[in-house]
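Peer 1: Have a peek at final28.tsv (TSV, C-alpha atoms).
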```tsv
chain	number	residue	atom	x	y	z
A	12	MET	CA	15.15	-3.89	3.77
A	13	CYS	CA	13.71	-3.41	7.25
A	14	VAL	CA	17.22	-3.01	8.65
A	15	LEU	CA	17.85	-0.02	6.38
A	16	LEU	CA	14.49	1.63	7.00
A	17	PRO	CA	15.71	3.88	9.86
A	18	VAL	CA	18.51	5.13	7.61
A	19	ALA	CA	16.09	6.04	4.80
A	20	ASN	CA	13.37	7.41	7.08
A	21	ARG	CA	14.43	11.03	6.98
A	22	ILE	CA	12.67	14.18	5.84
A	23	GLU	CA	15.56	15.14	3.57
A	24	PRO	CA	16.58	14.57	0.79
A	25	TYR	CA	13.52	15.60	-1.18
A	26	ILE	CA	12.92	13.98	-4.56
A	27	LEU	CA	10.28	15.66	-6.72
A	28	GLY	CA	9.07	17.54	-3.66
A	29	VAL	CA	8.45	14.52	-1.42
A	30	PRO	CA	10.65	12.82	1.17
A	31	PHE	CA	12.86	10.02	-0.12
A	32	LEU	CA	10.98	7.19	1.61
A	33	LEU	CA	7.60	8.29	0.24
A	34	PHE	CA	9.12	8.62	-3.24
A	35	TRP	CA	10.68	5.13	-2.94
A	36	ILE	CA	7.37	3.55	-1.90
A	37	ALA	CA	5.43	5.31	-4.68
A	38	VAL	CA	7.96	4.29	-7.34
A	39	TRP	CA	7.85	0.65	-6.26
A	40	MET	CA	4.04	0.64	-6.23
A	41	ILE	CA	4.04	1.82	-9.85
A	42	LEU	CA	6.86	-0.54	-10.87
A	43	SER	CA	5.21	-3.56	-9.26
A	44	SER	CA	1.98	-2.82	-11.13
A	45	VAL	CA	3.84	-2.56	-14.43
A	46	ILE	CA	5.79	-5.76	-13.74
A	47	LEU	CA	2.58	-7.64	-12.88
A	48	LEU	CA	0.94	-6.38	-16.09
A	49	ILE	CA	3.91	-7.61	-18.14
A	50	VAL	CA	3.83	-11.01	-16.44
A	51	TYR	CA	0.07	-11.24	-17.04
A	52	LYS	CA	0.47	-10.42	-20.74
A	53	LEU	CA	3.32	-12.94	-21.17
A	54	ASP	CA	1.59	-15.78	-19.31
A	55	PRO	CA	0.40	-18.36	-21.85
A	56	ALA	CA	-2.51	-19.35	-19.59
A	57	ASN	CA	-4.10	-15.94	-20.25
A	58	GLU	CA	-4.19	-16.21	-24.05
A	59	GLY	CA	-7.63	-15.89	-25.54
A	60	SER	CA	-9.21	-14.44	-22.41
A	61	GLU	CA	-10.13	-10.80	-22.75
A	62	VAL	CA	-11.00	-8.83	-19.64
A	63	GLU	CA	-13.53	-6.07	-20.22
```
Starting from the file, give its structure as structure tokens.
Peer 2:
Amino acid sequence: MCVLLPVANRIEPYILGVPFLLFWIAVWMILSSVILLIVYKLDPANEGSEVE
């Protein structure tokens, strides 16, 4: 990934009004949170424990 960073680190193309690299980072932050939530819910060690 670090090898391709200079290729992706450009102002254009814009996706949803932000540069591609910023969009890519934001999408992966959201996706990683969703993936971690799914793993937490599916983990049998967490059954019966409710977080309030």
Peer 1: List as a list in words the protein and nucleic acid residues near Val38 of chain A, meaning an atom at most 12 Å away when all atoms listed in the file are counted, but skip any in the same chain fewer than 6 places from it.
Peer 2: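 Within the cut-off, the hits are Ile26, Leu27, Val29, Phe31, Leu32, Ser44 and Val45 of chain A.
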Peer 1: Give me the residues near Ile36 of chain A as a PyMOL selection string, where near means some atom within 12 Å (using all atoms listed in the file) and where sequence neighbours in that chain fewer than 6 positions away do not count.
Peer 2: chain A and resi 16+19-20+29-30+42-43
Peer 1: Using the file's own x, y and z axes, what box holds all listed atoms of segment 20-30 of chain A with 4 Å on each side, keeping edges along x, y and z, and what are its centre and edge lengths in Å to one decimal, as JSON?
Peer 2:
```
{"center_x": 12.5, "center_y": 12.5, "center_z": 0.2, "size_x": 16.1, "size_y": 18.1, "size_z": 21.8}
```
